[in-house]
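Engineer: Sharing a structure with you now.
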Amino acid sequence: MDDAVKSAVANIHSDDRSVQGEAFRFLDELTNKPVGWAYQVWDVLLKGLTSKDNRLRSIASQLLCNLAKSDPEGRILIDFDALFDVTRDDRFVTARHCLLAIWKIGAAGESQKQRVVDGLERRFEECAAEKNRTLIRFDIIQGLRKLYNHVKDEAIRDKALDLIATEADLKYREKYAGLWKR
């Protein structure tokens, strides 16, 4: 791991939002492809999931999702529940950032894909009474679409369409279905 990465990992903990944001953008760009230093930062990011700083929770969750492709040991499967808990964060924007990135884990392998699909299905069902239910459900269907586009597994498409069919409000059922008509 080079000094720029070490510095960026330290800077995601900064109280200066611009420093933190710049560090995140740098690491996000690097982790869009496999990296050899994933396990050197893994535990730091895992700890960040429970930070008092909601921005750090968001950053840590997104970076861990990105690092799934750099995880030959399958640690993401062990730590999945801790990461998935962020999709229920008290700060909706934090939960949403995690929810929008979680599909990337499913692209890392068959076990990861099944874990993500099962988690998103459970989250779709459990959010029924939440304030931002329709947006959460839209994000879940969108995540399933992105995962489908990446792995081309018809079971994902079928699962998404089954979930959409359970939406009682026709307006939102049509909105979610629109993601699959493209």
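Ligands are numbered from 1 in the order shown, chains are lettered A, B, ... in the order of the structure tokens, and residues start at 1 in each chain.
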Can you list, as an MDAnalysis selection string, every protein, DNA or RNA residue that comes within 10 Å of A:Glu22 when you count only C-alpha atoms, leaving out same-chain residues fewer than 4 positions away?
Structural biologist: chainID A and resid 8 11:12 17:18 26:28
Engineer: Extract, using only C-alpha atoms, all DNA, RNA and protein residues at most 7 Å from stretch 130-142 of chain A, discarding same-chain residues fewer than 2 positions from it, and format them as a list in words.
Structural biologist: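 Non-adjacent residues within range: Leu99, Leu100, Leu120, Phe124, Cys127, Ala128, Leu144, Arg145, Lys146, Ala160, Tyr176 and Leu179 of chain A.
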Engineer: Name all residues at most 7 Å from stretch 78-90 of chain A (count only C-alpha atoms; drop same-chain ones fewer than 5 positions away) and give them as a ChimeraX atom specification.
Structural biologist: /A:49,61,95-96,98-99
Engineer: For A:Leu45, find every residue with an atom within 10 Å (counting only C-alpha atoms), except residues of its own chain fewer than 6 positions away, and show them as a list in words.
Structural biologist: Val9, Ile12, Ala38, Tyr39, Ser51, Leu56, Arg57, Ile59, Ala60, Ser61, Gln62, Leu63, Leu64 and Leu83 of chain A
Engineer: Smallest atom-to-atom distance to A:Trp180: which of A:Glu121, A:Arg157, A:Trp42, A:Asp162, using only C-alpha atoms?
Structural biologist: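 Smallest distance to A:Trp180 is found for A:Arg157.
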Engineer: So how many Å separate atom CA of A:His150 and atom CA of A:Phe24, to one decimal?
Structural biologist: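 Atom-to-atom, atom CA of A:His150 and atom CA of A:Phe24 are spaced 23.9 Å apart.
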Engineer: Return the single residue from A:Pro34, A:Thr50, A:Gln40, A:Ile105 that is closest to A:Cys65, with distances computed using only C-alpha atoms.
Structural biologist: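 Of the candidates, the smallest distance to A:Cys65 is held by A:Ile105.
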Engineer: List every residue of stretch 43-88 of chain A that DSSP, applied to the backbone of this structure, assigns to alpha helix (DSSP H), and report them as number ranges by chain.
Structural biologist: A: 43-48, 54-67, 75-84
Engineer: To one decimal place in Å, what is the distance between atom CA of A:Ser111 and atom CA of A:Met1?
Structural biologist: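 Distance between the two atoms: 27.8 Å.
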Engineer: Which residue gives the smallest distance to A:Lys113 among A:Gly48, A:Gly178, A:Gly36, A:Gly143, with only C-alpha atoms counted?
Structural biologist: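 Nearest candidate to A:Lys113 out of A:Gly48, A:Gly178, A:Gly36, A:Gly143: A:Gly143.
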